[in-house]
file work_28.cif (mmCIF, N, CA and C atoms)
data_target
#
loop_
_atom_site.label_atom_id
_atom_site.label_comp_id
_atom_site.auth_asym_id
_atom_site.auth_seq_id
_atom_site.Cartn_x
_atom_site.Cartn_y
_atom_site.Cartn_z
N MET Q 54 128.88 101.42 117.79
CA MET Q 54 129.19 102.56 118.64
C MET Q 54 129.79 103.67 117.81
N ILE Q 55 129.64 104.90 118.22
CA ILE Q 55 130.13 106.05 117.47
C ILE Q 55 131.62 105.93 117.21
N LEU Q 56 132.38 105.56 118.23
CA LEU Q 56 133.83 105.55 118.07
C LEU Q 56 134.27 104.58 117.00
N GLU Q 57 133.71 103.37 116.99
CA GLU Q 57 134.07 102.42 115.96
C GLU Q 57 133.65 102.91 114.58
N SER Q 58 132.50 103.56 114.50
CA SER Q 58 132.05 104.07 113.20
C SER Q 58 132.97 105.18 112.71
N LYS Q 59 133.72 105.79 113.60
CA LYS Q 59 134.67 106.84 113.24
C LYS Q 59 136.09 106.30 113.10
N GLY Q 60 136.24 104.98 113.17
CA GLY Q 60 137.56 104.38 113.00
C GLY Q 60 138.41 104.37 114.26
N ILE Q 61 137.81 104.61 115.40
CA ILE Q 61 138.55 104.60 116.66
C ILE Q 61 138.06 103.40 117.46
N GLU Q 62 138.99 102.50 117.76
CA GLU Q 62 138.60 101.27 118.44
C GLU Q 62 139.17 101.22 119.84
N GLY Q 63 138.59 100.37 120.66
CA GLY Q 63 139.10 100.12 121.99
C GLY Q 63 138.53 101.02 123.07
N PHE Q 64 137.68 101.96 122.71
CA PHE Q 64 137.07 102.83 123.70
C PHE Q 64 135.61 102.45 123.85
N THR Q 65 135.20 102.27 125.06
CA THR Q 65 133.82 101.87 125.34
C THR Q 65 133.12 103.00 126.09
N PRO Q 66 131.79 102.95 126.17
CA PRO Q 66 131.11 103.94 127.01
C PRO Q 66 131.65 103.95 128.43
N ASP Q 67 132.06 102.77 128.94
CA ASP Q 67 132.62 102.72 130.29
C ASP Q 67 133.91 103.52 130.40
N LYS Q 68 134.74 103.45 129.35
CA LYS Q 68 136.00 104.20 129.38
C LYS Q 68 135.74 105.70 129.31
N ILE Q 69 134.77 106.10 128.50
CA ILE Q 69 134.42 107.52 128.44
C ILE Q 69 133.88 107.96 129.80
N SER Q 70 133.02 107.14 130.39
CA SER Q 70 132.48 107.46 131.72
C SER Q 70 133.59 107.59 132.74
N GLN Q 71 134.58 106.70 132.67
CA GLN Q 71 135.70 106.76 133.62
C GLN Q 71 136.49 108.04 133.45
N LEU Q 72 136.72 108.47 132.20
CA LEU Q 72 137.39 109.75 131.95
C LEU Q 72 136.62 110.88 132.62
N LEU Q 73 135.32 110.85 132.50
CA LEU Q 73 134.49 111.90 133.11
C LEU Q 73 134.57 111.83 134.64
N LEU Q 74 134.51 110.62 135.19
CA LEU Q 74 134.55 110.47 136.65
C LEU Q 74 135.90 110.87 137.22
N ASP Q 75 136.99 110.58 136.48
CA ASP Q 75 138.32 110.92 136.95
C ASP Q 75 138.50 112.43 137.08
N LYS Q 76 137.85 113.19 136.24
CA LYS Q 76 138.06 114.64 136.22
C LYS Q 76 136.96 115.41 136.95
N TYR Q 77 135.76 114.88 136.97
CA TYR Q 77 134.63 115.64 137.48
C TYR Q 77 133.89 114.87 138.57
N GLN Q 78 133.14 115.60 139.37
CA GLN Q 78 132.34 114.98 140.41
C GLN Q 78 131.04 114.45 139.82
N SER Q 79 130.29 113.76 140.63
CA SER Q 79 129.08 113.10 140.14
C SER Q 79 127.86 114.03 140.15
N THR Q 80 128.06 115.29 139.87
CA THR Q 80 126.94 116.23 139.85
C THR Q 80 126.34 116.35 138.46
N GLY Q 81 126.72 115.48 137.56
CA GLY Q 81 126.21 115.53 136.20
C GLY Q 81 127.29 115.92 135.22
N THR Q 82 127.04 115.62 133.99
CA THR Q 82 127.99 115.89 132.92
C THR Q 82 127.52 117.09 132.12
N THR Q 83 128.43 118.02 131.88
CA THR Q 83 128.11 119.17 131.06
C THR Q 83 128.60 118.94 129.64
N THR Q 84 128.21 119.82 128.75
CA THR Q 84 128.68 119.74 127.38
C THR Q 84 130.20 119.86 127.34
N SER Q 85 130.76 120.74 128.16
CA SER Q 85 132.22 120.90 128.22
C SER Q 85 132.90 119.62 128.71
N ASP Q 86 132.30 118.96 129.70
CA ASP Q 86 132.85 117.69 130.19
C ASP Q 86 132.88 116.65 129.09
N LEU Q 87 131.79 116.56 128.36
CA LEU Q 87 131.69 115.58 127.29
C LEU Q 87 132.71 115.88 126.19
N LYS Q 88 132.86 117.15 125.85
CA LYS Q 88 133.85 117.53 124.84
C LYS Q 88 135.25 117.15 125.32
N TYR Q 89 135.57 117.40 126.58
CA TYR Q 89 136.87 117.04 127.14
C TYR Q 89 137.13 115.54 127.00
N ALA Q 90 136.17 114.73 127.42
CA ALA Q 90 136.35 113.27 127.38
C ALA Q 90 136.54 112.79 125.95
N MET Q 91 135.79 113.35 125.03
CA MET Q 91 135.89 112.90 123.64
C MET Q 91 137.20 113.35 123.01
N THR Q 92 137.68 114.51 123.39
CA THR Q 92 138.98 114.99 122.90
C THR Q 92 140.10 114.10 123.43
N GLU Q 93 139.98 113.67 124.69
CA GLU Q 93 140.98 112.81 125.30
C GLU Q 93 141.12 111.47 124.58
N ILE Q 94 140.07 111.00 123.93
CA ILE Q 94 140.17 109.72 123.23
C ILE Q 94 140.41 109.90 121.74
N GLY Q 95 140.71 111.13 121.33
CA GLY Q 95 141.14 111.35 119.96
C GLY Q 95 140.11 111.87 118.99
N LEU Q 96 138.99 112.32 119.48
CA LEU Q 96 137.97 112.87 118.58
C LEU Q 96 138.04 114.38 118.54
N THR Q 97 137.88 114.94 117.37
CA THR Q 97 137.70 116.37 117.23
C THR Q 97 136.22 116.63 117.37
N THR Q 98 135.86 117.46 118.32
CA THR Q 98 134.45 117.67 118.65
C THR Q 98 134.08 119.12 118.41
N ARG Q 99 132.99 119.31 117.73
CA ARG Q 99 132.47 120.66 117.53
C ARG Q 99 131.20 120.80 118.36
N VAL Q 100 131.15 121.84 119.16
CA VAL Q 100 130.03 122.07 120.07
C VAL Q 100 129.19 123.23 119.56
N PHE Q 101 127.89 123.05 119.59
CA PHE Q 101 126.94 124.12 119.31
C PHE Q 101 126.14 124.32 120.59
N GLN Q 102 126.41 125.42 121.29
CA GLN Q 102 125.74 125.69 122.56
C GLN Q 102 124.28 126.06 122.33
N ASN Q 103 123.50 125.96 123.38
CA ASN Q 103 122.08 126.30 123.34
C ASN Q 103 121.90 127.66 122.67
N SER Q 104 121.18 127.64 121.57
CA SER Q 104 121.06 128.86 120.79
C SER Q 104 119.87 128.77 119.87
N SER Q 105 119.35 129.92 119.50
CA SER Q 105 118.26 129.92 118.53
C SER Q 105 118.75 129.48 117.16
N THR Q 106 120.09 129.45 116.96
CA THR Q 106 120.62 128.97 115.68
C THR Q 106 120.70 127.45 115.63
N ASN Q 107 120.49 126.79 116.76
CA ASN Q 107 120.42 125.33 116.78
C ASN Q 107 119.03 124.92 116.31
N THR Q 108 118.88 124.86 115.01
CA THR Q 108 117.58 124.56 114.43
C THR Q 108 117.53 123.12 113.96
N LEU Q 109 116.33 122.65 113.68
CA LEU Q 109 116.20 121.31 113.12
C LEU Q 109 116.90 121.20 111.77
N LEU Q 110 116.88 122.27 110.99
CA LEU Q 110 117.56 122.25 109.70
C LEU Q 110 119.06 122.06 109.88
N ARG Q 111 119.66 122.77 110.82
CA ARG Q 111 121.10 122.59 111.09
C ARG Q 111 121.35 121.15 111.55
N LEU Q 112 120.53 120.67 112.44
CA LEU Q 112 120.69 119.31 112.94
C LEU Q 112 120.57 118.29 111.81
N GLN Q 113 119.59 118.49 110.92
CA GLN Q 113 119.43 117.58 109.78
C GLN Q 113 120.67 117.59 108.90
N ARG Q 114 121.21 118.77 108.63
CA ARG Q 114 122.41 118.85 107.78
C ARG Q 114 123.58 118.13 108.42
N LEU Q 115 123.75 118.28 109.71
CA LEU Q 115 124.87 117.63 110.40
C LEU Q 115 124.71 116.11 110.41
N VAL Q 116 123.51 115.66 110.72
CA VAL Q 116 123.27 114.21 110.80
C VAL Q 116 123.21 113.59 109.41
N ASP Q 117 122.72 114.32 108.42
CA ASP Q 117 122.65 113.79 107.06
C ASP Q 117 124.02 113.51 106.47
N LYS Q 118 125.05 114.08 107.03
CA LYS Q 118 126.40 113.84 106.52
C LYS Q 118 126.98 112.56 107.12
N ASP Q 119 126.13 111.62 107.47
CA ASP Q 119 126.54 110.34 108.06
C ASP Q 119 127.39 110.57 109.31
N ASN Q 120 126.98 111.52 110.08
CA ASN Q 120 127.71 111.91 111.27
C ASN Q 120 126.72 112.01 112.42
N PRO Q 121 126.70 111.05 113.34
CA PRO Q 121 125.75 111.15 114.44
C PRO Q 121 126.02 112.39 115.27
N ALA Q 122 124.99 112.91 115.88
CA ALA Q 122 125.13 114.06 116.77
C ALA Q 122 124.80 113.62 118.19
N ILE Q 123 125.41 114.27 119.14
CA ILE Q 123 125.08 114.05 120.54
C ILE Q 123 124.27 115.26 120.96
N VAL Q 124 123.05 115.02 121.40
CA VAL Q 124 122.15 116.12 121.73
C VAL Q 124 121.77 116.04 123.20
N GLN Q 125 121.50 117.20 123.76
CA GLN Q 125 121.09 117.29 125.16
C GLN Q 125 119.58 117.49 125.21
N LEU Q 126 118.90 116.56 125.88
CA LEU Q 126 117.45 116.63 125.99
C LEU Q 126 117.06 117.06 127.40
N ASN Q 127 115.99 117.84 127.48
CA ASN Q 127 115.45 118.26 128.77
C ASN Q 127 114.44 117.21 129.21
N MET Q 128 114.81 116.45 130.23
CA MET Q 128 113.98 115.34 130.69
C MET Q 128 113.08 115.74 131.86
N GLY Q 129 112.83 117.03 132.02
CA GLY Q 129 111.97 117.50 133.09
C GLY Q 129 112.76 118.00 134.27
N ASN Q 130 113.28 117.08 135.08
CA ASN Q 130 114.04 117.50 136.26
C ASN Q 130 115.55 117.44 136.04
N ASN Q 131 115.97 117.03 134.84
CA ASN Q 131 117.40 117.01 134.53
C ASN Q 131 117.59 117.01 133.01
N TYR Q 132 118.83 117.22 132.61
CA TYR Q 132 119.19 117.14 131.20
C TYR Q 132 119.96 115.85 130.98
N HIS Q 133 119.85 115.31 129.77
CA HIS Q 133 120.45 114.01 129.49
C HIS Q 133 120.96 114.00 128.05
N PHE Q 134 122.19 113.53 127.85
CA PHE Q 134 122.76 113.42 126.52
C PHE Q 134 122.39 112.09 125.88
N VAL Q 135 122.01 112.13 124.62
CA VAL Q 135 121.75 110.92 123.84
C VAL Q 135 122.40 111.10 122.47
N VAL Q 136 122.51 110.00 121.75
CA VAL Q 136 123.07 110.03 120.40
C VAL Q 136 121.93 110.04 119.41
N LEU Q 137 121.95 111.01 118.53
CA LEU Q 137 120.98 111.08 117.43
C LEU Q 137 121.65 110.47 116.21
N ASP Q 138 121.26 109.24 115.87
CA ASP Q 138 121.89 108.52 114.78
C ASP Q 138 121.37 108.92 113.41
N GLU Q 139 120.09 109.22 113.35
CA GLU Q 139 119.50 109.44 112.02
C GLU Q 139 118.18 110.19 112.17
N ILE Q 140 117.88 110.98 111.14
CA ILE Q 140 116.58 111.63 111.04
C ILE Q 140 115.96 111.11 109.75
N VAL Q 141 114.81 110.45 109.88
CA VAL Q 141 114.18 109.77 108.74
C VAL Q 141 112.86 110.45 108.40
N ALA Q 142 112.67 110.73 107.12
CA ALA Q 142 111.37 111.26 106.66
C ALA Q 142 110.42 110.09 106.48
N MET Q 143 109.32 110.11 107.19
CA MET Q 143 108.33 109.05 107.11
C MET Q 143 107.44 109.27 105.89
N PRO Q 144 106.69 108.23 105.45
CA PRO Q 144 105.80 108.40 104.29
C PRO Q 144 104.80 109.55 104.45
N ASN Q 145 104.40 109.83 105.69
CA ASN Q 145 103.45 110.93 105.92
C ASN Q 145 104.16 112.28 106.03
N LYS Q 146 105.45 112.32 105.68
CA LYS Q 146 106.30 113.53 105.68
C LYS Q 146 106.75 113.97 107.07
N GLU Q 147 106.27 113.28 108.11
CA GLU Q 147 106.74 113.60 109.46
C GLU Q 147 108.15 113.04 109.63
N LEU Q 148 108.94 113.71 110.46
CA LEU Q 148 110.31 113.25 110.71
C LEU Q 148 110.34 112.34 111.93
N LEU Q 149 111.15 111.29 111.83
CA LEU Q 149 111.38 110.37 112.94
C LEU Q 149 112.85 110.50 113.34
N PHE Q 150 113.09 110.73 114.62
CA PHE Q 150 114.44 110.91 115.14
C PHE Q 150 114.86 109.60 115.80
N LYS Q 151 115.88 108.94 115.24
CA LYS Q 151 116.37 107.67 115.78
C LYS Q 151 117.44 107.94 116.82
N ILE Q 152 117.11 107.59 118.05
CA ILE Q 152 117.92 107.92 119.23
C ILE Q 152 118.57 106.66 119.79
N ARG Q 153 119.80 106.82 120.26
CA ARG Q 153 120.49 105.76 120.99
C ARG Q 153 120.91 106.36 122.33
N ASP Q 154 120.60 105.66 123.40
CA ASP Q 154 120.95 106.13 124.74
C ASP Q 154 121.93 105.15 125.37
N PRO Q 155 123.25 105.39 125.20
CA PRO Q 155 124.24 104.46 125.74
C PRO Q 155 124.16 104.30 127.26
N ALA Q 156 123.77 105.35 127.97
CA ALA Q 156 123.69 105.26 129.44
C ALA Q 156 122.64 104.25 129.88
N LYS Q 157 121.56 104.16 129.12
CA LYS Q 157 120.48 103.24 129.48
C LYS Q 157 120.47 101.98 128.62
N GLY Q 158 121.31 101.96 127.58
CA GLY Q 158 121.39 100.78 126.72
C GLY Q 158 120.16 100.56 125.87
N VAL Q 159 119.51 101.64 125.44
CA VAL Q 159 118.29 101.49 124.64
C VAL Q 159 118.38 102.31 123.35
N HIS Q 160 117.59 101.90 122.37
CA HIS Q 160 117.40 102.62 121.11
C HIS Q 160 115.91 102.89 120.99
N TYR Q 161 115.56 104.06 120.47
CA TYR Q 161 114.14 104.35 120.28
C TYR Q 161 113.99 105.46 119.25
N GLY Q 162 112.77 105.67 118.83
CA GLY Q 162 112.46 106.74 117.89
C GLY Q 162 111.54 107.76 118.53
N LEU Q 163 111.72 109.01 118.13
CA LEU Q 163 110.84 110.08 118.59
C LEU Q 163 110.25 110.80 117.39
N LYS Q 164 108.96 111.09 117.47
CA LYS Q 164 108.34 111.93 116.45
C LYS Q 164 108.92 113.33 116.58
N GLN Q 165 108.86 114.09 115.48
CA GLN Q 165 109.43 115.42 115.47
C GLN Q 165 108.92 116.29 116.61
N SER Q 166 107.63 116.29 116.84
CA SER Q 166 107.07 117.14 117.90
C SER Q 166 107.60 116.74 119.28
N ASP Q 167 107.75 115.44 119.51
CA ASP Q 167 108.28 114.98 120.80
C ASP Q 167 109.75 115.36 120.94
N PHE Q 168 110.51 115.17 119.86
CA PHE Q 168 111.93 115.53 119.90
C PHE Q 168 112.10 117.02 120.17
N GLU Q 169 111.35 117.84 119.44
CA GLU Q 169 111.47 119.29 119.61
C GLU Q 169 111.14 119.73 121.04
N SER Q 170 110.14 119.12 121.65
CA SER Q 170 109.78 119.53 123.01
C SER Q 170 110.85 119.13 124.02
N LEU Q 171 111.58 118.06 123.76
CA LEU Q 171 112.66 117.63 124.66
C LEU Q 171 113.97 118.35 124.38
N TRP Q 172 114.27 118.58 123.12
CA TRP Q 172 115.55 119.19 122.75
C TRP Q 172 115.56 120.69 123.02
N GLN Q 173 114.52 121.37 122.65
CA GLN Q 173 114.37 122.81 122.89
C GLN Q 173 115.56 123.62 122.37
N HIS Q 174 116.09 123.22 121.22
CA HIS Q 174 117.24 123.89 120.60
C HIS Q 174 118.44 123.93 121.54
N GLY Q 175 118.59 122.87 122.31
CA GLY Q 175 119.67 122.80 123.30
C GLY Q 175 121.01 122.46 122.68
N ASP Q 176 121.95 122.11 123.54
CA ASP Q 176 123.31 121.83 123.11
C ASP Q 176 123.36 120.62 122.20
N LEU Q 177 124.35 120.65 121.31
CA LEU Q 177 124.63 119.48 120.50
C LEU Q 177 126.10 119.44 120.18
N LEU Q 178 126.61 118.23 119.99
CA LEU Q 178 128.01 118.02 119.63
C LEU Q 178 128.05 117.12 118.41
N VAL Q 179 129.00 117.39 117.53
CA VAL Q 179 129.28 116.48 116.43
C VAL Q 179 130.76 116.14 116.50
N THR Q 180 131.11 114.96 116.05
CA THR Q 180 132.48 114.50 116.18
C THR Q 180 133.05 114.07 114.85
N LYS Q 181 134.35 114.21 114.76
CA LYS Q 181 135.11 113.70 113.62
C LYS Q 181 136.42 113.17 114.19
N PRO Q 182 136.93 112.07 113.65
CA PRO Q 182 138.22 111.58 114.14
C PRO Q 182 139.34 112.53 113.73
N ARG Q 183 140.38 112.57 114.53
CA ARG Q 183 141.55 113.36 114.16
C ARG Q 183 142.23 112.70 112.98
N ASN Q 184 142.75 113.49 112.07
CA ASN Q 184 143.49 112.93 110.92
C ASN Q 184 144.96 112.80 111.24
#
call {"tool": "encode", "arguments": {"input": "work_28.cif", "output": "structure tokens"}}
result
Amino acid sequence: MILESKGIEGFTPDKISQLLLDKYQSTGTTTSDLKYAMTEIGLTTRVFQNSSTNTLLRLQRLVDKDNPAIVQLNMGNNYHFVVLDEIVAMPNKELLFKIRDPAKGVHYGLKQSDFESLWQHGDLLVTKPRN
């Protein structure tokens, strides 16, 4: 889990969800909500709002620093946050985006074209533990 990889133990996705439920209604989680919950458990979170500056190159630089990113994907009728653990260059030079979805308990990979169509340069968060 991200928190353990950042040296923060004892927090589970359920605890983060509870923080969100305690403060917000069940109309969905925003980037600000997620930042609040992560700050409450001791993470310093940097948010990059939906912008043309949210490029794949920026995302690669952030993730390449051994720092997973939380990205917001457009799933058609709603938006959904997932963890982007790694971006891997395949032998054919195409990029593979390794995704973890804690809400659904699944891991999967997306080809670059699929990732780009879902992400659409949307919001992303990166985290660092407080020193």
call {"tool": "atom_distance", "arguments": {"input": "work_28.cif", "atom1": "atom CA of Ile140 of chain Q", "atom2": "atom CA of Val116 of chain Q"}}
result
7.2 Å
call {"tool": "atom_distance", "arguments": {"input": "work_28.cif", "atom1": "atom N of Leu177 of chain Q", "atom2": "atom CA of Arg99 of chain Q"}}
result
9.0 Å
call {"tool": "resolve_selection", "arguments": {"input": "work_28.cif", "expression": "the PyMOL selection byres ((chain Q and resi 156-158) around 8)", "output": "JSON, numbers by chain"}}
result
{"Q": [66, 134, 135, 136, 153, 154, 155, 159, 160, 161]}
call {"tool": "write_last_selection", "arguments": {"input": "work_28.cif", "atoms": "N, CA and C atoms", "output": "CSV table (one decimal), in the frame of the given file"}}
result
chain,number,residue,atom,x,y,z
Q,66,PRO,N,131.8,103.0,126.2
Q,66,PRO,CA,131.1,103.9,127.0
Q,66,PRO,C,131.6,104.0,128.4
Q,134,PHE,N,122.2,113.5,127.8
Q,134,PHE,CA,122.8,113.4,126.5
Q,134,PHE,C,122.4,112.1,125.9
Q,135,VAL,N,122.0,112.1,124.6
Q,135,VAL,CA,121.8,110.9,123.8
Q,135,VAL,C,122.4,111.1,122.5
Q,136,VAL,N,122.5,110.0,121.8
Q,136,VAL,CA,123.1,110.0,120.4
Q,136,VAL,C,121.9,110.0,119.4
Q,153,ARG,N,119.8,106.8,120.3
Q,153,ARG,CA,120.5,105.8,121.0
Q,153,ARG,C,120.9,106.4,122.3
Q,154,ASP,N,120.6,105.7,123.4
Q,154,ASP,CA,121.0,106.1,124.7
Q,154,ASP,C,121.9,105.2,125.4
Q,155,PRO,N,123.2,105.4,125.2
Q,155,PRO,CA,124.2,104.5,125.7
Q,155,PRO,C,124.2,104.3,127.3
Q,159,VAL,N,119.5,101.6,125.4
Q,159,VAL,CA,118.3,101.5,124.6
Q,159,VAL,C,118.4,102.3,123.4
Q,160,HIS,N,117.6,101.9,122.4
Q,160,HIS,CA,117.4,102.6,121.1
Q,160,HIS,C,115.9,102.9,121.0
Q,161,TYR,N,115.6,104.1,120.5
Q,161,TYR,CA,114.1,104.4,120.3
Q,161,TYR,C,114.0,105.5,119.2
call {"tool": "closest_residue", "arguments": {"input": "work_28.cif", "among": "Q:Glu139, Q:Arg114, Q:Leu149, Q:Asn127", "to": "Ser170 of chain Q", "atoms": "all atoms listed in the file"}}
result
Q:Asn127
call {"tool": "closest_residue", "arguments": {"input": "work_28.cif", "among": "Q:Ile123, Q:Ile152, Q:Met128, Q:Ala142", "to": "Met91 of chain Q", "atoms": "only C-alpha atoms"}}
result
Q:Ile123
call {"tool": "atom_distance", "arguments": {"input": "work_28.cif", "atom1": "atom N of Asn131 of chain Q", "atom2": "atom N of Asp176 of chain Q"}}
result
13.8 Å
call {"tool": "decode", "arguments": {"input": "work_28.cif", "residues": "segment 120-141 of chain Q", "atoms": "N, CA and C atoms", "output": "PDB file, in the first residue's frame"}}
result
ATOM      1  N   ASN Q 120       7.695   7.314  -6.778  1.00  0.00           N
ATOM      2  CA  ASN Q 120       6.623   7.969  -6.053  1.00  0.00           C
ATOM      3  C   ASN Q 120       5.323   7.720  -6.806  1.00  0.00           C
ATOM      4  N   PRO Q 121       4.453   6.836  -6.310  1.00  0.00           N
ATOM      5  CA  PRO Q 121       3.212   6.601  -7.035  1.00  0.00           C
ATOM      6  C   PRO Q 121       2.380   7.875  -7.103  1.00  0.00           C
ATOM      7  N   ALA Q 122       1.588   7.984  -8.128  1.00  0.00           N
ATOM      8  CA  ALA Q 122       0.683   9.123  -8.282  1.00  0.00           C
ATOM      9  C   ALA Q 122      -0.750   8.621  -8.185  1.00  0.00           C
ATOM     10  N   ILE Q 123      -1.609   9.470  -7.704  1.00  0.00           N
ATOM     11  CA  ILE Q 123      -3.035   9.176  -7.693  1.00  0.00           C
ATOM     12  C   ILE Q 123      -3.633  10.009  -8.812  1.00  0.00           C
ATOM     13  N   VAL Q 124      -4.259   9.339  -9.752  1.00  0.00           N
ATOM     14  CA  VAL Q 124      -4.783  10.032 -10.927  1.00  0.00           C
ATOM     15  C   VAL Q 124      -6.293   9.849 -11.005  1.00  0.00           C
ATOM     16  N   GLN Q 125      -6.936  10.834 -11.583  1.00  0.00           N
ATOM     17  CA  GLN Q 125      -8.385  10.802 -11.753  1.00  0.00           C
ATOM     18  C   GLN Q 125      -8.690  10.423 -13.197  1.00  0.00           C
ATOM     19  N   LEU Q 126      -9.418   9.323 -13.362  1.00  0.00           N
ATOM     20  CA  LEU Q 126      -9.775   8.852 -14.695  1.00  0.00           C
ATOM     21  C   LEU Q 126     -11.246   9.133 -14.979  1.00  0.00           C
ATOM     22  N   ASN Q 127     -11.535   9.457 -16.221  1.00  0.00           N
ATOM     23  CA  ASN Q 127     -12.909   9.679 -16.663  1.00  0.00           C
ATOM     24  C   ASN Q 127     -13.467   8.333 -17.115  1.00  0.00           C
ATOM     25  N   MET Q 128     -14.375   7.790 -16.324  1.00  0.00           N
ATOM     26  CA  MET Q 128     -14.916   6.464 -16.600  1.00  0.00           C
ATOM     27  C   MET Q 128     -16.239   6.527 -17.366  1.00  0.00           C
ATOM     28  N   GLY Q 129     -16.487   7.627 -18.046  1.00  0.00           N
ATOM     29  CA  GLY Q 129     -17.711   7.769 -18.830  1.00  0.00           C
ATOM     30  C   GLY Q 129     -18.761   8.555 -18.090  1.00  0.00           C
ATOM     31  N   ASN Q 130     -19.438   7.911 -17.144  1.00  0.00           N
ATOM     32  CA  ASN Q 130     -20.490   8.608 -16.402  1.00  0.00           C
ATOM     33  C   ASN Q 130     -20.020   9.109 -15.040  1.00  0.00           C
ATOM     34  N   ASN Q 131     -18.759   8.858 -14.701  1.00  0.00           N
ATOM     35  CA  ASN Q 131     -18.210   9.368 -13.445  1.00  0.00           C
ATOM     36  C   ASN Q 131     -16.685   9.405 -13.523  1.00  0.00           C
ATOM     37  N   TYR Q 132     -16.098  10.051 -12.538  1.00  0.00           N
ATOM     38  CA  TYR Q 132     -14.644  10.084 -12.414  1.00  0.00           C
ATOM     39  C   TYR Q 132     -14.247   9.165 -11.277  1.00  0.00           C
ATOM     40  N   HIS Q 133     -13.050   8.595 -11.378  1.00  0.00           N
ATOM     41  CA  HIS Q 133     -12.616   7.609 -10.395  1.00  0.00           C
ATOM     42  C   HIS Q 133     -11.116   7.762 -10.172  1.00  0.00           C
ATOM     43  N   PHE Q 134     -10.698   7.773  -8.900  1.00  0.00           N
ATOM     44  CA  PHE Q 134      -9.281   7.856  -8.572  1.00  0.00           C
ATOM     45  C   PHE Q 134      -8.662   6.467  -8.518  1.00  0.00           C
ATOM     46  N   VAL Q 135      -7.483   6.336  -9.089  1.00  0.00           N
ATOM     47  CA  VAL Q 135      -6.700   5.105  -9.018  1.00  0.00           C
ATOM     48  C   VAL Q 135      -5.252   5.481  -8.719  1.00  0.00           C
ATOM     49  N   VAL Q 136      -4.480   4.490  -8.329  1.00  0.00           N
ATOM     50  CA  VAL Q 136      -3.060   4.696  -8.056  1.00  0.00           C
ATOM     51  C   VAL Q 136      -2.268   4.260  -9.277  1.00  0.00           C
ATOM     52  N   LEU Q 137      -1.435   5.148  -9.759  1.00  0.00           N
ATOM     53  CA  LEU Q 137      -0.522   4.824 -10.854  1.00  0.00           C
ATOM     54  C   LEU Q 137       0.822   4.486 -10.224  1.00  0.00           C
ATOM     55  N   ASP Q 138       1.140   3.191 -10.183  1.00  0.00           N
ATOM     56  CA  ASP Q 138       2.358   2.734  -9.522  1.00  0.00           C
ATOM     57  C   ASP Q 138       3.601   2.878 -10.378  1.00  0.00           C
ATOM     58  N   GLU Q 139       3.440   2.684 -11.672  1.00  0.00           N
ATOM     59  CA  GLU Q 139       4.635   2.634 -12.516  1.00  0.00           C
ATOM     60  C   GLU Q 139       4.248   2.845 -13.974  1.00  0.00           C
ATOM     61  N   ILE Q 140       5.170   3.447 -14.713  1.00  0.00           N
ATOM     62  CA  ILE Q 140       5.034   3.560 -16.161  1.00  0.00           C
ATOM     63  C   ILE Q 140       6.222   2.819 -16.751  1.00  0.00           C
ATOM     64  N   VAL Q 141       5.939   1.783 -17.530  1.00  0.00           N
ATOM     65  CA  VAL Q 141       6.983   0.894 -18.045  1.00  0.00           C
ATOM     66  C   VAL Q 141       7.071   1.032 -19.560  1.00  0.00           C
TER      67      VAL Q 141
END
